[in-house]
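Student: Below is coords-v8.cif; it holds mmCIF, N, CA and C atoms.
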data_protein
#
loop_
_atom_site.label_atom_id
_atom_site.label_comp_id
_atom_site.auth_asym_id
_atom_site.auth_seq_id
_atom_site.Cartn_x
_atom_site.Cartn_y
_atom_site.Cartn_z
N MET A 1324 -4.98 3.85 23.03
CA MET A 1324 -4.81 3.58 21.62
C MET A 1324 -5.99 2.75 21.13
N LEU A 1325 -6.48 3.11 19.97
CA LEU A 1325 -7.57 2.38 19.35
C LEU A 1325 -7.03 1.17 18.60
N THR A 1326 -7.64 0.02 18.80
CA THR A 1326 -7.20 -1.19 18.11
C THR A 1326 -8.40 -1.96 17.62
N ILE A 1327 -8.35 -2.40 16.39
CA ILE A 1327 -9.38 -3.25 15.82
C ILE A 1327 -8.66 -4.45 15.23
N THR A 1328 -9.10 -5.63 15.61
CA THR A 1328 -8.48 -6.84 15.09
C THR A 1328 -9.23 -7.30 13.86
N LEU A 1329 -8.50 -7.52 12.79
CA LEU A 1329 -9.07 -7.97 11.53
C LEU A 1329 -8.31 -9.20 11.09
N SER A 1330 -8.98 -10.28 11.00
CA SER A 1330 -8.38 -11.56 10.59
C SER A 1330 -6.91 -11.64 11.00
N ALA A 1331 -5.99 -11.49 10.04
CA ALA A 1331 -4.58 -11.68 10.34
C ALA A 1331 -3.84 -10.37 10.59
N CYS A 1332 -4.54 -9.23 10.58
CA CYS A 1332 -3.84 -7.97 10.76
C CYS A 1332 -4.56 -7.09 11.77
N GLN A 1333 -3.82 -6.14 12.33
CA GLN A 1333 -4.41 -5.19 13.25
C GLN A 1333 -4.35 -3.80 12.61
N VAL A 1334 -5.46 -3.09 12.69
CA VAL A 1334 -5.51 -1.73 12.20
C VAL A 1334 -5.64 -0.82 13.40
N THR A 1335 -4.68 0.07 13.57
CA THR A 1335 -4.71 1.04 14.65
C THR A 1335 -4.52 2.42 14.04
N LEU A 1336 -4.84 3.44 14.81
CA LEU A 1336 -4.61 4.80 14.34
C LEU A 1336 -3.12 4.98 14.07
N GLU A 1337 -2.30 4.42 14.93
CA GLU A 1337 -0.85 4.54 14.74
C GLU A 1337 -0.41 3.89 13.42
N SER A 1338 -0.94 2.71 13.10
CA SER A 1338 -0.54 2.05 11.86
C SER A 1338 -1.03 2.83 10.63
N VAL A 1339 -2.21 3.42 10.75
CA VAL A 1339 -2.73 4.24 9.64
C VAL A 1339 -1.84 5.46 9.43
N CYS A 1340 -1.49 6.12 10.54
CA CYS A 1340 -0.71 7.36 10.46
C CYS A 1340 0.76 7.12 10.11
N ASN A 1341 1.24 5.92 10.34
CA ASN A 1341 2.67 5.65 10.13
C ASN A 1341 2.95 4.69 9.00
N GLY A 1342 2.18 4.75 7.95
CA GLY A 1342 2.51 3.96 6.77
C GLY A 1342 1.33 3.37 6.03
N GLN A 1343 0.30 2.94 6.73
CA GLN A 1343 -0.82 2.30 6.05
C GLN A 1343 -1.52 3.27 5.10
N TYR A 1344 -1.73 4.51 5.53
CA TYR A 1344 -2.38 5.49 4.67
C TYR A 1344 -1.55 5.72 3.40
N GLN A 1345 -0.23 5.84 3.55
CA GLN A 1345 0.63 6.09 2.40
C GLN A 1345 0.54 4.95 1.39
N LYS A 1346 0.47 3.71 1.86
CA LYS A 1346 0.32 2.57 0.97
C LYS A 1346 -1.03 2.61 0.25
N TYR A 1347 -2.06 2.97 1.00
CA TYR A 1347 -3.41 3.11 0.43
C TYR A 1347 -3.41 4.18 -0.66
N ASP A 1348 -2.83 5.34 -0.35
CA ASP A 1348 -2.80 6.44 -1.31
C ASP A 1348 -2.01 6.06 -2.56
N GLU A 1349 -0.96 5.29 -2.40
CA GLU A 1349 -0.18 4.83 -3.54
C GLU A 1349 -1.02 3.92 -4.45
N LYS A 1350 -1.86 3.08 -3.85
CA LYS A 1350 -2.74 2.22 -4.65
C LYS A 1350 -3.73 3.05 -5.47
N ILE A 1351 -4.25 4.11 -4.86
CA ILE A 1351 -5.19 4.99 -5.57
C ILE A 1351 -4.46 5.70 -6.72
N SER A 1352 -3.28 6.23 -6.42
CA SER A 1352 -2.49 6.93 -7.43
C SER A 1352 -2.12 6.01 -8.59
N ASN A 1353 -1.72 4.78 -8.28
CA ASN A 1353 -1.38 3.81 -9.33
C ASN A 1353 -2.60 3.47 -10.18
N ALA A 1354 -3.77 3.42 -9.56
CA ALA A 1354 -4.99 3.13 -10.31
C ALA A 1354 -5.30 4.24 -11.30
N VAL A 1355 -5.12 5.48 -10.87
CA VAL A 1355 -5.34 6.61 -11.78
C VAL A 1355 -4.43 6.48 -13.00
N LEU A 1356 -3.17 6.15 -12.76
CA LEU A 1356 -2.23 5.97 -13.87
C LEU A 1356 -2.63 4.81 -14.78
N ALA A 1357 -3.02 3.70 -14.17
CA ALA A 1357 -3.41 2.52 -14.96
C ALA A 1357 -4.66 2.78 -15.80
N LEU A 1358 -5.58 3.54 -15.25
CA LEU A 1358 -6.83 3.82 -15.97
C LEU A 1358 -6.65 4.81 -17.11
N SER A 1359 -5.51 5.47 -17.16
CA SER A 1359 -5.30 6.46 -18.21
C SER A 1359 -5.35 5.85 -19.61
N ALA A 1360 -5.09 4.54 -19.71
CA ALA A 1360 -5.18 3.87 -21.02
C ALA A 1360 -6.61 3.89 -21.57
N TRP A 1361 -7.58 3.94 -20.68
CA TRP A 1361 -8.99 3.92 -21.10
C TRP A 1361 -9.65 5.29 -20.98
N ASP A 1362 -8.99 6.23 -20.34
CA ASP A 1362 -9.60 7.54 -20.07
C ASP A 1362 -9.32 8.49 -21.22
N HIS A 1363 -10.36 8.84 -21.96
CA HIS A 1363 -10.22 9.74 -23.10
C HIS A 1363 -11.22 10.89 -22.97
N PRO A 1364 -10.96 11.83 -22.03
CA PRO A 1364 -11.93 12.91 -21.81
C PRO A 1364 -12.11 13.83 -23.01
N GLY A 1365 -11.10 13.97 -23.86
CA GLY A 1365 -11.21 14.85 -25.01
C GLY A 1365 -11.65 14.14 -26.27
N GLN A 1366 -12.17 12.93 -26.10
CA GLN A 1366 -12.58 12.12 -27.24
C GLN A 1366 -13.68 12.84 -28.03
N PRO A 1367 -13.61 12.80 -29.36
CA PRO A 1367 -14.62 13.48 -30.18
C PRO A 1367 -16.03 12.96 -29.89
N ARG A 1368 -16.99 13.85 -30.06
CA ARG A 1368 -18.39 13.50 -29.84
C ARG A 1368 -19.20 13.75 -31.10
N ILE A 1369 -20.20 12.92 -31.30
CA ILE A 1369 -21.17 13.10 -32.39
C ILE A 1369 -22.54 13.12 -31.73
N ARG A 1370 -23.24 14.23 -31.90
CA ARG A 1370 -24.56 14.41 -31.28
C ARG A 1370 -24.54 14.12 -29.78
N GLY A 1371 -23.47 14.59 -29.11
CA GLY A 1371 -23.39 14.44 -27.66
C GLY A 1371 -22.85 13.12 -27.18
N ARG A 1372 -22.63 12.15 -28.08
CA ARG A 1372 -22.13 10.83 -27.67
C ARG A 1372 -20.68 10.69 -28.09
N ARG A 1373 -19.93 10.02 -27.23
CA ARG A 1373 -18.53 9.75 -27.56
C ARG A 1373 -18.44 8.66 -28.62
N ILE A 1374 -17.48 8.83 -29.50
CA ILE A 1374 -17.21 7.81 -30.51
C ILE A 1374 -16.53 6.64 -29.80
N ALA A 1375 -16.91 5.44 -30.15
CA ALA A 1375 -16.31 4.25 -29.53
C ALA A 1375 -14.80 4.28 -29.71
N SER A 1376 -14.10 4.06 -28.63
CA SER A 1376 -12.64 4.09 -28.64
C SER A 1376 -12.08 2.74 -29.06
N VAL A 1377 -10.88 2.78 -29.60
CA VAL A 1377 -10.18 1.55 -29.93
C VAL A 1377 -9.88 0.78 -28.65
N MET A 1378 -9.61 1.52 -27.54
CA MET A 1378 -9.26 0.91 -26.26
C MET A 1378 -10.49 0.84 -25.34
N GLU A 1379 -11.43 -0.01 -25.68
CA GLU A 1379 -12.57 -0.24 -24.80
C GLU A 1379 -12.14 -1.13 -23.65
N MET A 1380 -12.74 -0.93 -22.51
CA MET A 1380 -12.41 -1.76 -21.35
C MET A 1380 -13.11 -3.12 -21.51
N ALA A 1381 -12.33 -4.17 -21.55
CA ALA A 1381 -12.86 -5.52 -21.71
C ALA A 1381 -13.61 -5.96 -20.46
N PRO A 1382 -14.57 -6.87 -20.59
CA PRO A 1382 -15.32 -7.35 -19.43
C PRO A 1382 -14.42 -7.88 -18.30
N LEU A 1383 -13.34 -8.55 -18.66
CA LEU A 1383 -12.41 -9.06 -17.65
C LEU A 1383 -11.76 -7.90 -16.88
N ASP A 1384 -11.41 -6.84 -17.59
CA ASP A 1384 -10.84 -5.65 -16.94
C ASP A 1384 -11.87 -4.99 -16.04
N ARG A 1385 -13.10 -4.92 -16.51
CA ARG A 1385 -14.16 -4.32 -15.70
C ARG A 1385 -14.32 -5.09 -14.39
N SER A 1386 -14.32 -6.40 -14.50
CA SER A 1386 -14.45 -7.25 -13.32
C SER A 1386 -13.28 -7.04 -12.35
N ALA A 1387 -12.08 -6.94 -12.89
CA ALA A 1387 -10.89 -6.72 -12.05
C ALA A 1387 -10.98 -5.38 -11.33
N TRP A 1388 -11.47 -4.35 -12.02
CA TRP A 1388 -11.61 -3.03 -11.40
C TRP A 1388 -12.72 -3.04 -10.34
N GLN A 1389 -13.76 -3.83 -10.56
CA GLN A 1389 -14.81 -3.96 -9.54
C GLN A 1389 -14.22 -4.57 -8.27
N GLU A 1390 -13.43 -5.63 -8.43
CA GLU A 1390 -12.80 -6.27 -7.28
C GLU A 1390 -11.82 -5.31 -6.60
N TRP A 1391 -11.08 -4.55 -7.38
CA TRP A 1391 -10.14 -3.58 -6.84
C TRP A 1391 -10.89 -2.55 -5.99
N ALA A 1392 -12.01 -2.05 -6.51
CA ALA A 1392 -12.80 -1.06 -5.77
C ALA A 1392 -13.34 -1.65 -4.47
N GLN A 1393 -13.75 -2.91 -4.49
CA GLN A 1393 -14.23 -3.57 -3.27
C GLN A 1393 -13.13 -3.66 -2.23
N GLU A 1394 -11.92 -3.99 -2.65
CA GLU A 1394 -10.80 -4.08 -1.71
C GLU A 1394 -10.45 -2.72 -1.12
N ARG A 1395 -10.47 -1.67 -1.93
CA ARG A 1395 -10.19 -0.32 -1.40
C ARG A 1395 -11.31 0.11 -0.47
N LEU A 1396 -12.55 -0.29 -0.77
CA LEU A 1396 -13.66 0.03 0.12
C LEU A 1396 -13.46 -0.62 1.48
N LYS A 1397 -13.03 -1.87 1.49
CA LYS A 1397 -12.76 -2.56 2.76
C LYS A 1397 -11.67 -1.84 3.54
N GLU A 1398 -10.58 -1.48 2.85
CA GLU A 1398 -9.50 -0.76 3.51
C GLU A 1398 -9.99 0.57 4.08
N SER A 1399 -10.79 1.27 3.31
CA SER A 1399 -11.32 2.56 3.76
C SER A 1399 -12.21 2.38 4.98
N GLN A 1400 -13.03 1.36 4.94
CA GLN A 1400 -13.94 1.11 6.07
C GLN A 1400 -13.16 0.74 7.33
N HIS A 1401 -12.07 0.00 7.18
CA HIS A 1401 -11.23 -0.31 8.34
C HIS A 1401 -10.65 0.96 8.94
N MET A 1402 -10.23 1.89 8.07
CA MET A 1402 -9.71 3.16 8.58
C MET A 1402 -10.81 3.94 9.29
N ALA A 1403 -12.01 3.93 8.74
CA ALA A 1403 -13.13 4.62 9.37
C ALA A 1403 -13.47 4.00 10.72
N ASP A 1404 -13.40 2.68 10.80
CA ASP A 1404 -13.69 1.99 12.06
C ASP A 1404 -12.73 2.39 13.17
N VAL A 1405 -11.47 2.61 12.81
CA VAL A 1405 -10.47 3.04 13.79
C VAL A 1405 -10.86 4.38 14.40
N LEU A 1406 -11.47 5.23 13.61
CA LEU A 1406 -11.82 6.58 14.06
C LEU A 1406 -13.17 6.67 14.76
N GLU A 1407 -13.94 5.60 14.72
CA GLU A 1407 -15.33 5.64 15.17
C GLU A 1407 -15.50 5.92 16.66
N SER A 1408 -14.66 5.37 17.50
CA SER A 1408 -14.91 5.42 18.94
C SER A 1408 -14.50 6.73 19.61
N ASN A 1409 -13.89 7.64 18.89
CA ASN A 1409 -13.45 8.89 19.50
C ASN A 1409 -14.05 10.07 18.75
N GLN A 1410 -14.84 10.87 19.45
CA GLN A 1410 -15.55 12.00 18.84
C GLN A 1410 -14.59 13.03 18.23
N LYS A 1411 -13.36 13.10 18.75
CA LYS A 1411 -12.42 14.10 18.21
C LYS A 1411 -12.05 13.81 16.76
N TYR A 1412 -12.33 12.59 16.29
CA TYR A 1412 -12.03 12.22 14.91
C TYR A 1412 -13.27 12.23 14.02
N ALA A 1413 -14.34 12.88 14.46
CA ALA A 1413 -15.60 12.86 13.71
C ALA A 1413 -15.45 13.44 12.30
N LYS A 1414 -14.72 14.54 12.14
CA LYS A 1414 -14.55 15.14 10.81
C LYS A 1414 -13.72 14.23 9.91
N ALA A 1415 -12.69 13.62 10.48
CA ALA A 1415 -11.87 12.70 9.70
C ALA A 1415 -12.71 11.51 9.25
N ARG A 1416 -13.51 10.97 10.16
CA ARG A 1416 -14.37 9.83 9.82
C ARG A 1416 -15.37 10.21 8.73
N LYS A 1417 -15.92 11.41 8.80
CA LYS A 1417 -16.87 11.86 7.77
C LYS A 1417 -16.19 11.87 6.39
N ASN A 1418 -14.96 12.33 6.34
CA ASN A 1418 -14.23 12.34 5.06
C ASN A 1418 -13.99 10.92 4.56
N ILE A 1419 -13.64 10.01 5.45
CA ILE A 1419 -13.43 8.62 5.05
C ILE A 1419 -14.74 8.01 4.55
N GLN A 1420 -15.84 8.30 5.24
CA GLN A 1420 -17.14 7.76 4.82
C GLN A 1420 -17.53 8.29 3.44
N GLU A 1421 -17.23 9.56 3.17
CA GLU A 1421 -17.50 10.11 1.85
C GLU A 1421 -16.64 9.43 0.79
N ALA A 1422 -15.39 9.11 1.15
CA ALA A 1422 -14.53 8.36 0.23
C ALA A 1422 -15.11 6.97 -0.02
N CYS A 1423 -15.66 6.35 1.03
CA CYS A 1423 -16.29 5.03 0.88
C CYS A 1423 -17.46 5.11 -0.09
N ASP A 1424 -18.29 6.14 0.06
CA ASP A 1424 -19.42 6.31 -0.85
C ASP A 1424 -18.94 6.47 -2.30
N THR A 1425 -17.86 7.20 -2.48
CA THR A 1425 -17.32 7.40 -3.82
C THR A 1425 -16.77 6.10 -4.38
N LEU A 1426 -16.18 5.27 -3.52
CA LEU A 1426 -15.68 3.96 -3.98
C LEU A 1426 -16.83 3.06 -4.44
N VAL A 1427 -17.98 3.18 -3.81
CA VAL A 1427 -19.15 2.43 -4.27
C VAL A 1427 -19.53 2.90 -5.68
N ALA A 1428 -19.48 4.21 -5.89
CA ALA A 1428 -19.77 4.74 -7.23
C ALA A 1428 -18.74 4.25 -8.24
N ILE A 1429 -17.47 4.19 -7.84
CA ILE A 1429 -16.41 3.72 -8.73
C ILE A 1429 -16.69 2.28 -9.15
N HIS A 1430 -17.18 1.48 -8.23
CA HIS A 1430 -17.55 0.10 -8.56
C HIS A 1430 -18.59 0.09 -9.68
N GLY A 1431 -19.56 0.97 -9.58
CA GLY A 1431 -20.58 1.08 -10.63
C GLY A 1431 -20.00 1.55 -11.95
N TYR A 1432 -19.09 2.51 -11.90
CA TYR A 1432 -18.45 2.99 -13.13
C TYR A 1432 -17.61 1.88 -13.76
N ALA A 1433 -16.98 1.05 -12.91
CA ALA A 1433 -16.20 -0.08 -13.43
C ALA A 1433 -17.11 -1.07 -14.16
N THR A 1434 -18.31 -1.27 -13.63
CA THR A 1434 -19.28 -2.15 -14.28
C THR A 1434 -19.57 -1.69 -15.70
N LYS A 1435 -19.63 -0.37 -15.88
CA LYS A 1435 -19.91 0.22 -17.20
C LYS A 1435 -18.66 0.40 -18.03
N GLY A 1436 -17.48 0.27 -17.40
CA GLY A 1436 -16.23 0.52 -18.12
C GLY A 1436 -15.98 2.00 -18.34
N ASP A 1437 -16.52 2.84 -17.47
CA ASP A 1437 -16.40 4.29 -17.61
C ASP A 1437 -15.14 4.79 -16.89
N ALA A 1438 -14.01 4.67 -17.57
CA ALA A 1438 -12.72 5.03 -16.97
C ALA A 1438 -12.65 6.51 -16.62
N HIS A 1439 -13.26 7.36 -17.43
CA HIS A 1439 -13.20 8.79 -17.17
C HIS A 1439 -13.82 9.13 -15.81
N ARG A 1440 -14.99 8.59 -15.55
CA ARG A 1440 -15.63 8.83 -14.24
C ARG A 1440 -14.87 8.15 -13.11
N MET A 1441 -14.28 7.00 -13.40
CA MET A 1441 -13.48 6.32 -12.38
C MET A 1441 -12.30 7.19 -11.96
N VAL A 1442 -11.60 7.76 -12.93
CA VAL A 1442 -10.44 8.61 -12.62
C VAL A 1442 -10.88 9.85 -11.84
N ALA A 1443 -11.93 10.50 -12.28
CA ALA A 1443 -12.42 11.68 -11.58
C ALA A 1443 -12.81 11.33 -10.14
N SER A 1444 -13.46 10.20 -9.97
CA SER A 1444 -13.89 9.76 -8.64
C SER A 1444 -12.70 9.35 -7.77
N LEU A 1445 -11.71 8.71 -8.37
CA LEU A 1445 -10.51 8.34 -7.61
C LEU A 1445 -9.79 9.59 -7.10
N ASN A 1446 -9.79 10.64 -7.89
CA ASN A 1446 -9.19 11.90 -7.43
C ASN A 1446 -9.96 12.46 -6.24
N GLN A 1447 -11.28 12.30 -6.24
CA GLN A 1447 -12.09 12.72 -5.09
C GLN A 1447 -11.75 11.88 -3.86
N VAL A 1448 -11.57 10.57 -4.06
CA VAL A 1448 -11.20 9.69 -2.95
C VAL A 1448 -9.87 10.15 -2.36
N ARG A 1449 -8.92 10.46 -3.21
CA ARG A 1449 -7.61 10.93 -2.73
C ARG A 1449 -7.76 12.21 -1.91
N GLN A 1450 -8.57 13.14 -2.37
CA GLN A 1450 -8.76 14.39 -1.64
C GLN A 1450 -9.39 14.13 -0.27
N LYS A 1451 -10.42 13.30 -0.24
CA LYS A 1451 -11.12 13.01 1.02
C LYS A 1451 -10.23 12.27 2.01
N THR A 1452 -9.50 11.27 1.52
CA THR A 1452 -8.66 10.50 2.43
C THR A 1452 -7.45 11.32 2.89
N GLN A 1453 -6.95 12.19 2.04
CA GLN A 1453 -5.85 13.08 2.45
C GLN A 1453 -6.31 14.00 3.57
N LYS A 1454 -7.51 14.56 3.42
CA LYS A 1454 -8.07 15.43 4.46
C LYS A 1454 -8.25 14.66 5.76
N ALA A 1455 -8.78 13.44 5.66
CA ALA A 1455 -8.97 12.61 6.86
C ALA A 1455 -7.64 12.32 7.53
N TYR A 1456 -6.64 12.01 6.72
CA TYR A 1456 -5.30 11.73 7.25
C TYR A 1456 -4.78 12.95 8.01
N GLU A 1457 -4.91 14.12 7.41
CA GLU A 1457 -4.44 15.35 8.06
C GLU A 1457 -5.18 15.59 9.38
N LEU A 1458 -6.49 15.39 9.38
CA LEU A 1458 -7.29 15.63 10.59
C LEU A 1458 -6.98 14.62 11.70
N ALA A 1459 -6.79 13.37 11.34
CA ALA A 1459 -6.61 12.32 12.35
C ALA A 1459 -5.17 12.13 12.78
N CYS A 1460 -4.27 12.36 11.87
CA CYS A 1460 -2.89 11.97 12.15
C CYS A 1460 -1.98 13.12 12.59
N GLU A 1461 -2.46 14.33 12.49
CA GLU A 1461 -1.63 15.45 12.94
C GLU A 1461 -1.29 15.25 14.41
N GLY A 1462 -0.03 15.15 14.69
CA GLY A 1462 0.42 14.94 16.07
C GLY A 1462 0.42 13.49 16.53
N ASN A 1463 -0.06 12.56 15.68
CA ASN A 1463 -0.10 11.14 16.05
C ASN A 1463 0.99 10.32 15.40
N LYS A 1464 1.81 10.92 14.55
CA LYS A 1464 2.87 10.18 13.87
C LYS A 1464 4.01 9.90 14.84
N SER A 1465 4.61 8.74 14.69
CA SER A 1465 5.82 8.40 15.45
C SER A 1465 6.97 9.20 14.89
N LYS A 1466 7.80 9.68 15.74
CA LYS A 1466 8.94 10.49 15.30
C LYS A 1466 10.15 9.64 15.11
#
Would you write the structure of this file as structure tokens?

Tutor:
Amino acid sequence: MLTITLSACQVTLESVCNGQYQKYDEKISNAVLALSAWDHPGQPRIRGRRIASVMEMAPLDRSAWQEWAQERLKESQHMADVLESNQKYAKARKNIQEACDTLVAIHGYATKGDAHRMVASLNQVRQKTQKAYELACEGNKSK
């Protein structure tokens, strides 16, 4: 069994497959819902630019989303670390690493207050982490 000790918690493949991933995915899903207040993809445009919305993301909100993205990046990296030592999980790790890269982009979108790109990117993170979960956890779940 793979084990990595992190401050006060242990991350193992078993813990990821038996609940940790589901909690992570719920955080991503909740973020998509929360960002819907700022996401206006059908917003009217004038000369290619969106008209300023009444619901602009405040600097404090942007900062909170940056911190949120950093925390999800840490969680994602911990999951990737669990998969690192075994070559059979290489494809799963690649998907997690791609999700990590996307979370870095989300941090940048949060800086700009670009909720639309954040939501689109969060959906990509969900797809990548779901694929990684399927690749790594098939047959590893406790019954």

Student: Per DSSP on the backbone, filter region 1332-1416 of chain A down to the residues in strand (DSSP E) and report them as number ranges by chain.

Tutor: A: 1332-1335, 1368-1369, 1372-1373

Student: Take the selection from the previous step and output its residues with N, CA and C atoms, as an mmCIF file, in the frame of the given file.

Tutor:
data_model
loop_
_atom_site.group_PDB
_atom_site.id
_atom_site.type_symbol
_atom_site.label_atom_id
_atom_site.label_comp_id
_atom_site.auth_asym_id
_atom_site.auth_seq_id
_atom_site.Cartn_x
_atom_site.Cartn_y
_atom_site.Cartn_z
ATOM 1 N N CYS A 1332 -4.540 -9.230 10.580
ATOM 2 C CA CYS A 1332 -3.840 -7.970 10.760
ATOM 3 C C CYS A 1332 -4.560 -7.090 11.770
ATOM 4 N N GLN A 1333 -3.820 -6.140 12.330
ATOM 5 C CA GLN A 1333 -4.410 -5.190 13.250
ATOM 6 C C GLN A 1333 -4.350 -3.800 12.610
ATOM 7 N N VAL A 1334 -5.460 -3.090 12.690
ATOM 8 C CA VAL A 1334 -5.510 -1.730 12.200
ATOM 9 C C VAL A 1334 -5.640 -0.820 13.400
ATOM 10 N N THR A 1335 -4.680 0.070 13.570
ATOM 11 C CA THR A 1335 -4.710 1.040 14.650
ATOM 12 C C THR A 1335 -4.520 2.420 14.040
ATOM 13 N N ARG A 1368 -16.990 13.850 -30.060
ATOM 14 C CA ARG A 1368 -18.390 13.500 -29.840
ATOM 15 C C ARG A 1368 -19.200 13.750 -31.100
ATOM 16 N N ILE A 1369 -20.200 12.920 -31.300
ATOM 17 C CA ILE A 1369 -21.170 13.100 -32.390
ATOM 18 C C ILE A 1369 -22.540 13.120 -31.730
ATOM 19 N N ARG A 1372 -22.630 12.150 -28.080
ATOM 20 C CA ARG A 1372 -22.130 10.830 -27.670
ATOM 21 C C ARG A 1372 -20.680 10.690 -28.090
ATOM 22 N N ARG A 1373 -19.930 10.020 -27.230
ATOM 23 C CA ARG A 1373 -18.530 9.750 -27.560
ATOM 24 C C ARG A 1373 -18.440 8.660 -28.620
#

Student: For the atom pair CA of Asn1418 (chain A) and CA of Thr1452 (chain A), what is the interatomic distance in Å to one decimal place?

Tutor: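 CA of Thr1452 (chain A) lies 6.4 Å from CA of Asn1418 (chain A).
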
Student: Can you pull out every residue within 10 Å of Thr1425 (chain A), counting only C-alpha atoms, but drop anything in the same chain fewer than 6 positions away, and send it as a VMD selection string?

Tutor: chain A and resid 1392 1396 1419 1431 1441 1444 to 1448 1451

Student: Go ahead and compute the interatomic distance for CA of Ala1413 (chain A) and CA of Ala1354 (chain A), in Å to one decimal.

Tutor: 28.0 Å

Student: Enter the distance from atom N of His1439 (chain A) to CA of Trp1361 (chain A), in Å, rounded to one decimal.

Tutor: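 Result for atom N of His1439 (chain A) versus CA of Trp1361 (chain A): 6.6 Å, one decimal.
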
Student: Between A:Ser1352, A:Ser1386, A:Ser1408, A:Ser1338, single out the one closest to Gln1450 (chain A), counting only C-alpha atoms.

Tutor: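 Ranked by minimum distance to Gln1450 (chain A), first place goes to A:Ser1352.
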
Student: Which is closer to Trp1391 (chain A) than all the others in A:Glu1337, A:Asp1437, A:His1430, A:Arg1449, using all atoms listed in the file?

Tutor: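 Among the listed residues, the smallest separation from Trp1391 (chain A) belongs to A:His1430.
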
Student: Write out as a count of residues only the residues lying within 7 Å of Leu1358 (chain A), counting all atoms listed in the file and excluding same-chain residues fewer than 5 positions away.

Tutor: 3

Student: Give me the residues within 12 Å of Gly1342 (chain A) as a list in words, counting only C-alpha atoms and dropping any in the same chain fewer than 5 places off.

Tutor: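 Skipping anything fewer than 5 positions along the chain leaves Val1334, Thr1335, Leu1336, Glu1337, Tyr1347, Asp1348, Glu1349, Tyr1456, Cys1460, Lys1464 and Ser1465 of chain A.
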
Student: So, counting only C-alpha atoms, which residue among A:Cys1423, A:Ala1403, A:Val1355, A:Ala1459 is closest to Arg1440 (chain A)?

Tutor: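 Selected residue with least distance to Arg1440 (chain A): A:Val1355.
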
Student: To test your reading of the syntax: which residues would the PyMOL selection byres (((chain A and resi 1416 and name CA) around 9) and name CA) return for the file shown? Reply as a tab-separated table (two decimals) with N, CA and C atoms, keeping the file's coordinate frame.

Tutor:
chain	number	residue	atom	x	y	z
A	1402	MET	N	-10.23	1.89	8.07
A	1402	MET	CA	-9.71	3.16	8.58
A	1402	MET	C	-10.81	3.94	9.29
A	1403	ALA	N	-12.01	3.93	8.74
A	1403	ALA	CA	-13.13	4.62	9.37
A	1403	ALA	C	-13.47	4.00	10.72
A	1404	ASP	N	-13.40	2.68	10.80
A	1404	ASP	CA	-13.69	1.99	12.06
A	1404	ASP	C	-12.73	2.39	13.17
A	1405	VAL	N	-11.47	2.61	12.81
A	1405	VAL	CA	-10.47	3.04	13.79
A	1405	VAL	C	-10.86	4.38	14.40
A	1406	LEU	N	-11.47	5.23	13.61
A	1406	LEU	CA	-11.82	6.58	14.06
A	1406	LEU	C	-13.17	6.67	14.76
A	1407	GLU	N	-13.94	5.60	14.72
A	1407	GLU	CA	-15.33	5.64	15.17
A	1407	GLU	C	-15.50	5.92	16.66
A	1412	TYR	N	-12.33	12.59	16.29
A	1412	TYR	CA	-12.03	12.22	14.91
A	1412	TYR	C	-13.27	12.23	14.02
A	1413	ALA	N	-14.34	12.88	14.46
A	1413	ALA	CA	-15.60	12.86	13.71
A	1413	ALA	C	-15.45	13.44	12.30
A	1414	LYS	N	-14.72	14.54	12.14
A	1414	LYS	CA	-14.55	15.14	10.81
A	1414	LYS	C	-13.72	14.23	9.91
A	1415	ALA	N	-12.69	13.62	10.48
A	1415	ALA	CA	-11.87	12.70	9.70
A	1415	ALA	C	-12.71	11.51	9.25
A	1417	LYS	N	-15.92	11.41	8.80
A	1417	LYS	CA	-16.87	11.86	7.77
A	1417	LYS	C	-16.19	11.87	6.39
A	1418	ASN	N	-14.96	12.33	6.34
A	1418	ASN	CA	-14.23	12.34	5.06
A	1418	ASN	C	-13.99	10.92	4.56
A	1419	ILE	N	-13.64	10.01	5.45
A	1419	ILE	CA	-13.43	8.62	5.05
A	1419	ILE	C	-14.74	8.01	4.55
A	1420	GLN	N	-15.84	8.30	5.24
A	1420	GLN	CA	-17.14	7.76	4.82
A	1420	GLN	C	-17.53	8.29	3.44
A	1421	GLU	N	-17.23	9.56	3.17
A	1421	GLU	CA	-17.50	10.11	1.85
A	1421	GLU	C	-16.64	9.43	0.79
A	1455	ALA	N	-8.78	13.44	5.66
A	1455	ALA	CA	-8.97	12.61	6.86
A	1455	ALA	C	-7.64	12.32	7.53
A	1459	ALA	N	-6.79	13.37	11.34
A	1459	ALA	CA	-6.61	12.32	12.35
A	1459	ALA	C	-5.17	12.13	12.78

Student: Restricting the calculation to all atoms listed in the file, which member of A:Gln1400, A:Thr1434, A:Asn1341, A:Ser1359 is positioned closest to Ala1422 (chain A)?

Tutor: A:Gln1400

Student: Starting from the block above, write region 1349-1365 of chain A out to a file with C-alpha atoms, as a CSV table (one decimal), in the first residue's frame, please.

Tutor:
chain,number,residue,atom,x,y,z
A,1349,GLU,CA,-18.0,17.7,-4.4
A,1350,LYS,CA,-15.9,20.8,-3.7
A,1351,ILE,CA,-15.3,21.2,-7.4
A,1352,SER,CA,-19.1,20.8,-8.1
A,1353,ASN,CA,-20.0,23.2,-5.4
A,1354,ALA,CA,-17.6,25.8,-6.8
A,1355,VAL,CA,-19.2,25.5,-10.3
A,1356,LEU,CA,-22.6,26.2,-8.6
A,1357,ALA,CA,-21.2,29.1,-6.6
A,1358,LEU,CA,-19.5,30.7,-9.6
A,1359,SER,CA,-22.8,30.7,-11.6
A,1360,ALA,CA,-23.6,34.1,-9.9
A,1361,TRP,CA,-20.8,35.6,-11.9
A,1362,ASP,CA,-20.8,33.4,-15.0
A,1363,HIS,CA,-22.7,35.1,-17.8
A,1364,PRO,CA,-21.7,33.3,-21.1
A,1365,GLY,CA,-24.6,34.7,-23.0
